[in-house]
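J.: Please find work23.txt (compact mmCIF, C-alpha atoms) on the next line:
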```txt
# COMPACT_ATOMS: atom_id res chain seq x y z
CA MET A 710 27.33 -39.77 34.05
CA PHE A 711 30.77 -41.17 33.20
CA MET A 712 31.80 -38.01 31.33
CA LEU A 713 30.47 -35.80 34.13
CA GLY A 714 32.47 -37.79 36.63
CA MET A 715 35.64 -37.38 34.54
CA TRP A 716 35.21 -33.62 34.36
CA LEU A 717 34.67 -33.41 38.12
CA PHE A 718 37.82 -35.46 38.64
CA LEU A 719 39.85 -33.15 36.42
CA LEU A 720 38.57 -30.07 38.19
CA VAL A 721 39.38 -31.27 41.71
CA SER A 722 42.41 -33.44 40.96
CA PRO A 723 45.60 -32.38 42.80
CA PHE A 724 47.69 -33.58 39.87
CA PRO A 725 48.55 -31.01 37.15
CA LEU A 726 47.33 -31.58 33.63
CA ALA A 727 49.96 -32.60 31.08
CA PHE A 728 49.87 -29.92 28.38
CA SER A 729 52.07 -30.20 25.31
CA GLU A 730 55.10 -27.90 25.39
CA ARG A 731 55.99 -25.79 22.37
CA CYS A 732 59.58 -25.17 23.39
CA HIS A 733 62.18 -27.29 21.63
CA PRO A 734 64.14 -29.34 24.23
CA HIS A 735 67.48 -28.37 22.67
CA ASP A 736 66.66 -24.65 23.05
CA LYS A 737 65.39 -25.13 26.59
CA LYS A 738 68.57 -26.90 27.63
CA ALA A 739 70.70 -24.09 26.19
CA LEU A 740 68.68 -21.41 27.98
CA LEU A 741 68.81 -23.15 31.34
CA GLN A 742 72.58 -23.46 31.00
CA LEU A 743 72.78 -19.77 30.10
CA LYS A 744 70.76 -18.87 33.21
CA LYS A 745 73.06 -20.98 35.39
CA ASP A 746 76.19 -19.40 33.88
CA LEU A 747 74.81 -15.93 34.68
CA ASN A 748 74.33 -16.94 38.34
CA ASN A 749 70.53 -17.30 38.13
CA PRO A 750 69.75 -13.57 38.00
CA TYR A 751 66.39 -12.20 39.06
CA ILE A 752 65.65 -10.94 35.55
CA LEU A 753 65.47 -14.59 34.44
CA ALA A 754 63.30 -15.74 37.36
CA SER A 755 60.53 -16.84 34.97
CA TRP A 756 62.85 -19.43 33.42
CA ASP A 757 61.31 -22.35 35.27
CA PRO A 758 62.36 -25.76 33.90
CA ASN A 759 58.82 -27.01 34.53
CA GLU A 760 57.33 -24.33 32.28
CA ASP A 761 57.21 -23.89 28.51
CA CYS A 762 60.28 -21.81 27.57
CA CYS A 763 58.31 -20.13 24.79
CA GLU A 764 56.42 -18.37 27.59
CA TRP A 765 59.54 -17.20 29.41
CA TYR A 766 60.46 -13.53 29.78
CA CYS A 767 63.08 -12.30 27.27
CA VAL A 768 62.33 -15.15 24.84
CA LYS A 769 60.34 -15.37 21.60
CA CYS A 770 59.55 -18.56 19.69
CA ASP A 771 58.64 -18.85 16.05
CA GLU A 772 54.94 -19.62 15.61
CA LYS A 773 55.59 -22.33 13.03
CA THR A 774 58.86 -23.98 14.04
CA ASN A 775 58.63 -23.27 17.80
CA ARG A 776 62.37 -22.56 17.76
CA ILE A 777 63.69 -19.55 19.66
CA TYR A 778 64.48 -16.70 17.27
CA ASP A 779 64.76 -13.73 19.68
CA LEU A 780 66.63 -13.48 22.99
CA ASP A 781 66.48 -10.03 24.59
CA ILE A 782 67.98 -9.82 28.08
CA SER A 783 67.45 -6.14 28.81
CA SER A 784 66.81 -4.12 31.91
CA SER A 785 65.03 -0.78 32.16
CA VAL A 786 67.55 0.26 34.81
CA PRO A 787 71.12 -0.99 35.23
CA ASP A 788 70.79 -4.55 36.59
CA THR A 789 73.73 -5.39 38.86
CA ASN A 790 72.27 -8.73 39.88
CA LEU A 791 73.21 -10.35 36.59
CA SER A 792 76.94 -11.02 36.50
CA GLY A 793 79.48 -13.01 34.58
CA GLN A 794 80.52 -13.33 30.95
CA ILE A 795 78.30 -13.96 27.95
CA PRO A 796 77.78 -17.73 28.31
CA PRO A 797 79.05 -20.07 25.55
CA SER A 798 75.61 -21.72 25.53
CA VAL A 799 74.25 -18.71 23.65
CA GLY A 800 75.82 -20.31 20.57
CA ASP A 801 73.57 -23.35 21.05
CA LEU A 802 70.45 -21.51 19.85
CA PRO A 803 70.84 -22.17 16.11
CA TYR A 804 67.64 -20.40 15.01
CA LEU A 805 68.43 -17.15 16.81
CA GLU A 806 67.92 -14.08 14.60
CA SER A 807 68.16 -11.36 17.24
CA LEU A 808 70.37 -11.26 20.36
CA THR A 809 70.33 -8.38 22.85
CA PHE A 810 72.12 -7.68 26.14
CA HIS A 811 71.30 -4.20 27.47
CA LYS A 812 71.94 -2.25 30.71
CA LEU A 813 73.85 -5.07 32.37
CA PRO A 814 76.95 -3.41 33.87
CA ASN A 815 78.24 -6.64 35.44
CA LEU A 816 78.17 -8.53 32.15
CA VAL A 817 81.91 -8.56 31.51
CA GLY A 818 84.64 -10.20 29.48
CA PRO A 819 84.95 -10.45 25.70
CA ILE A 820 82.25 -10.90 23.10
CA GLN A 821 81.59 -14.63 23.19
CA PRO A 822 83.23 -16.52 20.26
CA THR A 823 80.38 -19.06 20.07
CA ILE A 824 78.18 -16.26 18.71
CA ALA A 825 79.90 -17.10 15.40
CA LYS A 826 77.79 -20.30 15.35
CA LEU A 827 74.58 -18.27 15.01
CA THR A 828 74.44 -18.29 11.22
CA LYS A 829 70.87 -16.92 11.11
CA LEU A 830 71.66 -13.92 13.33
CA LYS A 831 70.46 -10.60 11.87
CA TYR A 832 70.67 -8.26 14.87
CA LEU A 833 73.40 -8.23 17.53
CA ILE A 834 72.90 -5.58 20.22
CA ILE A 835 75.23 -5.41 23.23
CA THR A 836 74.90 -1.99 24.86
CA ASN A 837 75.54 -0.42 28.27
CA THR A 838 77.44 -3.42 29.63
CA GLY A 839 80.91 -4.12 31.01
CA ILE A 840 81.96 -6.04 27.90
CA SER A 841 85.60 -5.36 27.00
CA GLY A 842 88.34 -6.44 24.62
CA PRO A 843 88.38 -6.01 20.83
CA VAL A 844 85.53 -6.04 18.37
CA PRO A 845 86.10 -9.61 17.13
CA ASP A 846 86.86 -10.43 13.51
CA PHE A 847 84.57 -13.46 13.63
CA LEU A 848 81.51 -11.19 13.47
CA ALA A 849 82.34 -10.72 9.80
CA GLN A 850 81.59 -14.43 9.26
CA LEU A 851 77.92 -13.87 10.08
CA GLN A 852 76.62 -13.23 6.60
CA SER A 853 73.01 -12.59 7.71
CA LEU A 854 73.89 -9.72 10.06
CA ASP A 855 72.08 -6.48 9.25
CA LEU A 856 72.91 -4.59 12.45
CA ILE A 857 75.69 -4.63 15.01
CA LYS A 858 75.16 -2.23 17.90
CA LEU A 859 77.96 -2.27 20.48
CA SER A 860 77.80 1.19 22.04
CA PHE A 861 78.41 2.18 25.69
CA ASN A 862 80.79 -0.67 26.49
CA SER A 863 84.52 -0.87 27.21
CA LEU A 864 85.63 -2.24 23.85
CA SER A 865 89.13 -1.37 22.67
CA GLY A 866 91.50 -2.01 19.79
CA THR A 867 90.81 -1.41 16.11
CA ILE A 868 87.73 -1.89 13.94
CA PRO A 869 87.50 -5.10 11.88
CA SER A 870 87.59 -4.58 8.13
CA SER A 871 84.20 -6.11 7.34
CA LEU A 872 80.96 -5.28 9.22
CA PRO A 873 77.35 -4.28 8.42
CA ASP A 874 75.80 -1.21 10.07
CA LEU A 875 78.45 0.14 12.43
CA ILE A 876 77.20 1.38 15.79
CA LEU A 877 80.28 1.36 18.01
CA SER A 878 79.99 4.64 19.90
CA HIS A 879 81.15 5.28 23.49
CA ASN A 880 83.99 2.77 23.61
CA GLN A 881 87.80 2.97 23.69
CA LEU A 882 88.43 2.03 20.05
CA SER A 883 91.66 3.44 18.62
CA GLY A 884 93.84 3.54 15.52
CA PRO A 885 92.81 4.14 11.92
CA ILE A 886 89.70 2.67 10.34
CA PRO A 887 90.34 -0.01 7.68
CA SER A 888 90.25 1.33 4.13
CA SER A 889 88.20 -1.73 3.14
CA LEU A 890 85.23 -0.21 5.00
CA GLY A 891 84.93 2.07 1.99
CA ASN A 892 83.74 -0.95 0.00
CA LEU A 893 80.76 -1.42 2.31
CA ASP A 894 77.51 0.50 2.11
CA PRO A 895 75.81 0.56 5.54
CA GLU A 896 72.91 2.87 6.27
CA ARG A 897 74.12 3.78 9.76
CA ILE A 898 77.66 4.48 10.93
CA ASP A 899 78.18 5.72 14.49
CA LEU A 900 81.79 5.69 15.66
CA SER A 901 81.41 8.65 18.00
CA ARG A 902 83.26 9.08 21.32
CA ASN A 903 86.20 6.80 20.67
CA LYS A 904 89.90 7.45 20.05
CA LEU A 905 89.93 6.68 16.34
CA GLN A 906 92.33 8.62 14.15
CA GLY A 907 93.52 9.19 10.61
CA ASP A 908 91.55 9.38 7.38
CA ALA A 909 87.84 8.54 7.43
CA SER A 910 87.10 9.89 3.94
CA VAL A 911 86.47 6.34 2.63
CA LEU A 912 83.14 6.43 4.44
CA PHE A 913 81.84 9.24 2.20
CA GLY A 914 80.43 9.06 -1.32
CA ASN A 915 77.47 10.26 -3.34
CA ASN A 916 76.54 6.72 -4.43
CA LYS A 917 76.20 5.36 -0.90
CA ARG A 918 72.97 4.64 1.03
CA THR A 919 74.22 6.30 4.22
CA GLN A 920 71.51 7.83 6.40
CA ILE A 921 73.47 8.48 9.59
CA LEU A 922 77.19 9.22 9.76
CA ASP A 923 78.49 10.20 13.21
CA LEU A 924 82.27 10.45 13.63
CA SER A 925 82.18 13.03 16.43
CA ARG A 926 84.66 13.22 19.33
CA ASN A 927 87.52 11.27 17.82
CA LEU A 928 90.93 12.18 16.43
CA PHE A 929 90.12 11.95 12.72
CA GLU A 930 92.21 14.13 10.41
CA PHE A 931 91.31 14.52 6.73
CA ASP A 932 90.35 17.09 4.11
CA LEU A 933 86.58 17.62 3.95
CA SER A 934 86.75 19.83 0.83
CA PRO A 935 86.59 17.24 -2.00
CA LEU A 936 84.13 14.81 -0.41
CA LYS A 937 80.75 13.87 -1.87
CA PHE A 938 77.58 12.96 0.00
CA PRO A 939 74.39 10.96 -0.65
CA THR A 940 71.87 13.60 -1.71
CA LYS A 941 68.71 11.61 -1.02
CA SER A 942 69.41 9.39 2.00
CA LEU A 943 71.70 11.41 4.31
CA ILE A 944 69.81 12.88 7.28
CA TRP A 945 72.52 13.04 9.98
CA LEU A 946 76.14 14.19 9.67
CA ASP A 947 78.08 14.88 12.87
CA LEU A 948 81.83 15.49 12.67
CA ASN A 949 82.36 17.69 15.74
CA HIS A 950 85.52 17.55 17.89
CA ASN A 951 88.04 16.16 15.41
CA ASN A 952 90.96 17.58 13.41
CA ILE A 953 89.16 17.80 10.08
CA TYR A 954 90.44 20.55 7.78
CA GLY A 955 89.67 22.18 4.43
CA THR A 956 86.42 23.88 3.51
CA ILE A 957 82.78 22.87 3.78
CA PRO A 958 81.98 21.36 0.36
CA LEU A 959 79.41 22.96 -1.92
CA ALA A 960 78.12 19.40 -2.44
CA LEU A 961 76.50 19.57 1.01
CA THR A 962 73.96 22.10 -0.32
CA LYS A 963 72.60 19.32 -2.54
CA VAL A 964 71.72 17.07 0.42
CA GLU A 965 67.95 17.33 0.52
CA ASN A 966 66.88 15.99 3.92
CA LEU A 967 69.66 16.92 6.32
CA GLN A 968 68.20 17.10 9.85
CA GLN A 969 71.33 17.06 12.01
CA PHE A 970 74.63 18.72 11.08
CA ASN A 971 77.64 19.62 13.21
CA VAL A 972 81.22 20.38 12.19
CA SER A 973 82.21 22.42 15.27
CA TYR A 974 85.62 22.08 16.96
CA ASN A 975 87.63 21.23 13.85
CA ARG A 976 90.13 23.11 11.65
CA LEU A 977 87.80 24.13 8.81
CA CYS A 978 88.20 27.41 6.99
CA GLY A 979 86.50 29.51 4.32
CA GLU A 980 82.94 30.58 3.61
CA ILE A 981 80.00 28.36 4.54
CA PRO A 982 78.19 27.55 1.27
CA GLN A 983 74.81 29.22 0.97
CA GLY A 984 71.80 27.12 0.05
CA GLY A 985 70.28 23.77 0.72
CA GLN A 986 69.87 22.95 4.41
CA LEU A 987 73.08 24.47 5.76
CA GLN A 988 71.54 27.69 7.03
CA ARG A 989 68.90 25.78 9.00
CA PHE A 990 71.53 25.05 11.63
CA ASP A 991 72.62 27.64 14.16
CA GLU A 992 76.11 28.94 14.85
CA TYR A 993 76.81 26.18 17.36
CA SER A 994 77.05 23.70 14.51
CA TYR A 995 80.02 25.66 13.10
CA LEU A 996 81.83 27.27 16.04
CA HIS A 997 85.46 26.74 17.06
CA ASN A 998 86.99 26.15 13.66
CA LYS A 999 90.06 27.78 12.17
CA CYS A 1000 88.36 30.49 10.13
CA LEU A 1001 84.84 29.61 9.01
CA CYS A 1002 82.65 32.53 8.06
CA GLY A 1003 79.32 33.34 6.45
CA SER A 1004 75.76 32.71 7.63
CA PRO A 1005 74.97 31.67 10.32
CA LEU A 1006 78.44 32.88 11.44
CA PRO A 1007 79.62 36.49 10.94
CA PRO A 1008 80.19 37.54 7.31
CA CYS A 1009 83.55 36.76 5.80
CA ASN A 1010 84.52 40.43 5.38
CA SER A 1011 84.65 40.68 9.20
CA TYR A 1012 87.74 38.47 9.14
CA SER A 1013 91.11 39.98 8.36
CA MET A 1014 93.56 38.20 6.10
CA ALA A 1015 95.69 37.63 9.17
CA ASP A 1016 92.86 35.55 10.66
CA ILE A 1017 92.79 33.40 7.53
```
Let me see the structure of the file written as structure tokens.
T.:
Amino acid sequence: MFMLGMWLFLLVSPFPLAFSERCHPHDKKALLQLKKDLNNPYILASWDPNEDCCEWYCVKCDEKTNRIYDLDISSSVPDTNLSGQIPPSVGDLPYLESLTFHKLPNLVGPIQPTIAKLTKLKYLIITNTGISGPVPDFLAQLQSLDLIKLSFNSLSGTIPSSLPDLILSHNQLSGPIPSSLGNLDPERIDLSRNKLQGDASVLFGNNKRTQILDLSRNLFEFDLSPLKFPTKSLIWLDLNHNNIYGTIPLALTKVENLQQFNVSYNRLCGEIPQGGQLQRFDEYSYLHNKCLCGSPLPPCNSYSMADI
């Protein structure tokens, strides 16, 4: 009877049961400060201080340590309710491995320096925001980083000399790329739609692991003729709308799995090498060069010497 009475009391009691909370209090404090600094946006409405933060939207906790390892503040449509700068409190989540801010046009200011405290960070994704200023050098201090994706922002200045995968498209980056980037071996490089200039040949090489190399819509100027390419890994090469000159290298016919290729709107000349994957692509991948010829463009004998 005693046990039955206890169960009845628990079922009808107006007082909530005290369940143990997984969330680490240090992480919870940092998140609540972050929410406050972002002006308590609707997207973070589930961040109730009376609830377990491991159950909050945008947050993932490790099953063993219960520390937050993933913070993904993303919106499916541009969220104008969230405003402010990236809060310094984001650096107070020491177990964070992945940090994402996406489709937040009123997230402004520079990339927060306290991110440098996140020594376990593997993935940093800040896309489609109002973030501005330079790509900071301190990102190179994060030795665990596998991916930096900073596209569709308002970043400016030059590229730091040491980064992992480079996804910096759709910004206002300018100047030459550091020659030291040639010592790195990222799988993905996307510098498209910036104002970068000069020689980007250091990014090429047949011993690299590169899968995607997109330098399109910049001001790069270098000789394509002598360059080598990864024959096994390269699947995407887009160089359109630059000032690249020379000829298309025969070495490109050795690239086995090329799925995207575009060298249009450059200053290339000579016959397109026959073989490999190069004839898979239509004329639009080659148009508006100085004097390219050969399939899929008209044959070279249709050009006069004056054209060349």
J.: Would you mind reading off the distance between atom CA of A:Leu882 and atom CA of A:Pro843, one decimal, in Å?
T.: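 Value for the atom CA of A:Leu882-atom CA of A:Pro843 distance: 8.1 Å.
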J.: Given the point (77.5, 23.8, -1.7) in the file's coordinates, find the residues that have an atom at most 12 Å from it, counting all atoms listed in the file, and give them as an NGL selection string.
T.: :A and (934-938 or 940 or 956-965 or 980-988)
J.: For A:Leu854, which of A:Pro822, A:Gly914, A:Pro895, A:Gly842 is the closest residue, counting all atoms listed in the file?
T.: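 Counting all atoms listed in the file, the residue closest to A:Leu854 is A:Pro895.
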J.: Name the closest residue to A:Leu875 among the candidates A:Leu816, A:Leu851, A:Ile824, A:Leu924; distances are taken between atoms, counting only C-alpha atoms.
T.: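 Among A:Leu816, A:Leu851, A:Ile824, A:Leu924, it is A:Leu924 that comes nearest to A:Leu875.
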J.: Residues at most 10 Å from A:Leu943, counting all atoms listed in the file, excluding those fewer than 4 positions away in the same chain, as a PyMOL selection string?
T.: chain A and resi 896-897+915+917-922+938-939+964-969
J.: How would the residues just picked look written out with C-alpha atoms as a CSV table (one decimal), in the frame of the given file?
T.:
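And here is the file that came out, part14.csv:
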```
chain,number,residue,atom,x,y,z
A,896,GLU,CA,72.9,2.9,6.3
A,897,ARG,CA,74.1,3.8,9.8
A,915,ASN,CA,77.5,10.3,-3.3
A,917,LYS,CA,76.2,5.4,-0.9
A,918,ARG,CA,73.0,4.6,1.0
A,919,THR,CA,74.2,6.3,4.2
A,920,GLN,CA,71.5,7.8,6.4
A,921,ILE,CA,73.5,8.5,9.6
A,922,LEU,CA,77.2,9.2,9.8
A,938,PHE,CA,77.6,13.0,0.0
A,939,PRO,CA,74.4,11.0,-0.6
A,964,VAL,CA,71.7,17.1,0.4
A,965,GLU,CA,68.0,17.3,0.5
A,966,ASN,CA,66.9,16.0,3.9
A,967,LEU,CA,69.7,16.9,6.3
A,968,GLN,CA,68.2,17.1,9.8
A,969,GLN,CA,71.3,17.1,12.0
```
J.: Separation of atom CA of A:Ser755 and atom CA of A:Thr828, in Å?
T.: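 Atom-to-atom, atom CA of A:Ser755 and atom CA of A:Thr828 are spaced 27.6 Å apart.
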J.: Which residue, A:Thr774, A:Ser841, A:Ser863, A:Ser784, has the smallest gap to A:Lys812 when you use all atoms listed in the file?
T.: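 When distances to A:Lys812 are compared using all atoms listed in the file, the smallest one comes from A:Ser784.
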J.: Please report the interatomic distance between atom CA of A:Asp771 and atom CA of A:Lys831 in Å with one decimal.
T.: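 According to the coordinates, atom CA of A:Asp771 and atom CA of A:Lys831 are separated by 15.0 Å.
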J.: Using only C-alpha atoms, which protein or nucleic acid residues come within 9 Å of A:Ser901? Drop anything in the same chain fewer than 2 positions from it, and give the result as a VMD selection string.
T.: chain A and resid 876 to 880 899 903 to 905 923 to 927 947 to 948
J.: Find the residue from A:Tyr832, A:Tyr995, A:Trp765, A:Phe990 that sits nearest to A:Ile777; use all atoms listed in the file when measuring.
T.: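 Ranking A:Tyr832, A:Tyr995, A:Trp765, A:Phe990 by distance to A:Ile777, first place goes to A:Trp765.
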J.: Nearest to A:Lys745 among A:Pro1005, A:Pro796, A:Pro787, A:Pro819, with distances taken over all atoms listed in the file: which residue is it?
T.: A:Pro796
J.: Would you pick out the contacts of stretch 996-1004 of chain A at 7 Å or less, using all atoms listed in the file, so that residues sharing its chain but fewer than 5 positions from it are not included, and give the list as a PyMOL selection string?
T.: chain A and resi 973-981+988+1009+1016-1017
J.: Of the candidates A:Gly884, A:Gly800, A:Pro734, A:Pro869, which one gets nearest to A:Cys762 if we count all atoms listed in the file?
T.: A:Pro734
J.: Considering all atoms listed in the file, tabulate each residue of stretch 842-943 of chain A that lies at most 12 Å from stretch 805-810 of chain A along with its nearest interatomic pair and the corresponding distance in Å to one decimal; arrange the rows by chain and ascending residue number and present them as JSON lines.
T.:
```
{"residue": "A:Leu851", "atom": "CA", "partner": "A:Glu806", "partner_atom": "CA", "distance": 11.0}
{"residue": "A:Gln852", "atom": "CA", "partner": "A:Glu806", "partner_atom": "CA", "distance": 11.8}
{"residue": "A:Ser853", "atom": "CA", "partner": "A:Glu806", "partner_atom": "CA", "distance": 8.7}
{"residue": "A:Leu854", "atom": "CA", "partner": "A:Glu806", "partner_atom": "CA", "distance": 8.7}
{"residue": "A:Asp855", "atom": "CA", "partner": "A:Ser807", "partner_atom": "CA", "distance": 10.1}
{"residue": "A:Leu856", "atom": "CA", "partner": "A:Ser807", "partner_atom": "CA", "distance": 9.6}
{"residue": "A:Ile857", "atom": "CA", "partner": "A:Leu808", "partner_atom": "CA", "distance": 10.0}
{"residue": "A:Lys858", "atom": "CA", "partner": "A:Thr809", "partner_atom": "CA", "distance": 9.3}
{"residue": "A:Leu859", "atom": "CA", "partner": "A:Phe810", "partner_atom": "CA", "distance": 9.8}
{"residue": "A:Ser860", "atom": "CA", "partner": "A:Phe810", "partner_atom": "CA", "distance": 11.3}
{"residue": "A:Phe861", "atom": "CA", "partner": "A:Phe810", "partner_atom": "CA", "distance": 11.7}
{"residue": "A:Asn862", "atom": "CA", "partner": "A:Phe810", "partner_atom": "CA", "distance": 11.2}
```
J.: Could you save the residues just selected, with C-alpha atoms, as a PDB file, in the coordinates of the input?
T.:
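Writing the result to part-v6.pdb gives the following:
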```pdb
ATOM      1  CA  LEU A 851      77.920 -13.870  10.080  1.00  0.00           C
ATOM      2  CA  GLN A 852      76.620 -13.230   6.600  1.00  0.00           C
ATOM      3  CA  SER A 853      73.010 -12.590   7.710  1.00  0.00           C
ATOM      4  CA  LEU A 854      73.890  -9.720  10.060  1.00  0.00           C
ATOM      5  CA  ASP A 855      72.080  -6.480   9.250  1.00  0.00           C
ATOM      6  CA  LEU A 856      72.910  -4.590  12.450  1.00  0.00           C
ATOM      7  CA  ILE A 857      75.690  -4.630  15.010  1.00  0.00           C
ATOM      8  CA  LYS A 858      75.160  -2.230  17.900  1.00  0.00           C
ATOM      9  CA  LEU A 859      77.960  -2.270  20.480  1.00  0.00           C
ATOM     10  CA  SER A 860      77.800   1.190  22.040  1.00  0.00           C
ATOM     11  CA  PHE A 861      78.410   2.180  25.690  1.00  0.00           C
ATOM     12  CA  ASN A 862      80.790  -0.670  26.490  1.00  0.00           C
TER      13      ASN A 862
END
```
J.: Regenerate stretch 918-926 of chain A at the level of all heavy atoms and dump it as an mmCIF file, in the coordinates of the input.
T.:
```cif
data_model
loop_
_atom_site.group_PDB
_atom_site.id
_atom_site.type_symbol
_atom_site.label_atom_id
_atom_site.label_comp_id
_atom_site.auth_asym_id
_atom_site.auth_seq_id
_atom_site.Cartn_x
_atom_site.Cartn_y
_atom_site.Cartn_z
ATOM 1 N N ARG A 918 74.328 4.585 0.459
ATOM 2 C CA ARG A 918 72.970 4.640 1.030
ATOM 3 C C ARG A 918 72.958 5.260 2.421
ATOM 4 O O ARG A 918 71.935 5.243 3.098
ATOM 5 C CB ARG A 918 72.407 3.217 1.151
ATOM 6 C CG ARG A 918 72.262 2.457 -0.161
ATOM 7 C CD ARG A 918 71.713 1.071 0.119
ATOM 8 N NE ARG A 918 72.568 0.358 1.062
ATOM 9 C CZ ARG A 918 72.108 -0.459 2.013
ATOM 10 N NH1 ARG A 918 70.807 -0.615 2.181
ATOM 11 N NH2 ARG A 918 72.953 -1.079 2.827
ATOM 12 N N THR A 919 74.068 5.840 2.843
ATOM 13 C CA THR A 919 74.220 6.300 4.220
ATOM 14 C C THR A 919 73.099 7.250 4.634
ATOM 15 O O THR A 919 72.811 8.230 3.954
ATOM 16 C CB THR A 919 75.566 7.028 4.394
ATOM 17 O OG1 THR A 919 76.603 6.246 3.804
ATOM 18 C CG2 THR A 919 75.852 7.272 5.858
ATOM 19 N N GLN A 920 72.501 6.951 5.798
ATOM 20 C CA GLN A 920 71.510 7.830 6.400
ATOM 21 C C GLN A 920 72.093 8.598 7.582
ATOM 22 O O GLN A 920 71.821 9.787 7.745
ATOM 23 C CB GLN A 920 70.292 7.023 6.864
ATOM 24 C CG GLN A 920 69.540 6.328 5.756
ATOM 25 C CD GLN A 920 68.393 5.487 6.298
ATOM 26 O OE1 GLN A 920 68.077 5.518 7.483
ATOM 27 N NE2 GLN A 920 67.777 4.719 5.426
ATOM 28 N N ILE A 921 72.872 7.892 8.391
ATOM 29 C CA ILE A 921 73.470 8.480 9.590
ATOM 30 C C ILE A 921 74.965 8.245 9.569
ATOM 31 O O ILE A 921 75.413 7.102 9.432
ATOM 32 C CB ILE A 921 72.852 7.870 10.863
ATOM 33 C CG1 ILE A 921 71.362 8.207 10.951
ATOM 34 C CG2 ILE A 921 73.594 8.347 12.107
ATOM 35 C CD1 ILE A 921 70.637 7.495 12.087
ATOM 36 N N LEU A 922 75.735 9.313 9.693
ATOM 37 C CA LEU A 922 77.190 9.220 9.760
ATOM 38 C C LEU A 922 77.649 10.104 10.919
ATOM 39 O O LEU A 922 77.601 11.322 10.844
ATOM 40 C CB LEU A 922 77.838 9.660 8.455
ATOM 41 C CG LEU A 922 79.366 9.598 8.393
ATOM 42 C CD1 LEU A 922 79.876 8.208 8.731
ATOM 43 C CD2 LEU A 922 79.858 10.025 7.012
ATOM 44 N N ASP A 923 78.066 9.472 12.017
ATOM 45 C CA ASP A 923 78.490 10.200 13.210
ATOM 46 C C ASP A 923 79.913 9.775 13.559
ATOM 47 O O ASP A 923 80.156 8.654 14.009
ATOM 48 C CB ASP A 923 77.542 9.884 14.373
ATOM 49 C CG ASP A 923 77.760 10.811 15.576
ATOM 50 O OD1 ASP A 923 78.840 11.434 15.656
ATOM 51 O OD2 ASP A 923 76.860 10.904 16.431
ATOM 52 N N LEU A 924 80.854 10.688 13.333
ATOM 53 C CA LEU A 924 82.270 10.450 13.630
ATOM 54 C C LEU A 924 82.753 11.370 14.749
ATOM 55 O O LEU A 924 83.958 11.518 14.958
ATOM 56 C CB LEU A 924 83.113 10.702 12.371
ATOM 57 C CG LEU A 924 82.718 9.946 11.106
ATOM 58 C CD1 LEU A 924 83.651 10.321 9.954
ATOM 59 C CD2 LEU A 924 82.732 8.447 11.336
ATOM 60 N N SER A 925 81.846 11.974 15.481
ATOM 61 C CA SER A 925 82.180 13.030 16.430
ATOM 62 C C SER A 925 83.034 12.512 17.595
ATOM 63 O O SER A 925 82.998 11.345 17.958
ATOM 64 C CB SER A 925 80.903 13.673 16.976
ATOM 65 O OG SER A 925 80.113 12.725 17.666
ATOM 66 N N ARG A 926 83.823 13.443 18.139
ATOM 67 C CA ARG A 926 84.660 13.220 19.330
ATOM 68 C C ARG A 926 85.612 12.040 19.138
ATOM 69 O O ARG A 926 85.601 11.070 19.885
ATOM 70 C CB ARG A 926 83.770 13.040 20.570
ATOM 71 C CG ARG A 926 83.015 14.325 20.898
ATOM 72 C CD ARG A 926 82.154 14.201 22.135
ATOM 73 N NE ARG A 926 81.429 15.457 22.358
ATOM 74 C CZ ARG A 926 81.863 16.480 23.081
ATOM 75 N NH1 ARG A 926 83.047 16.407 23.668
ATOM 76 N NH2 ARG A 926 81.136 17.584 23.221
#
```
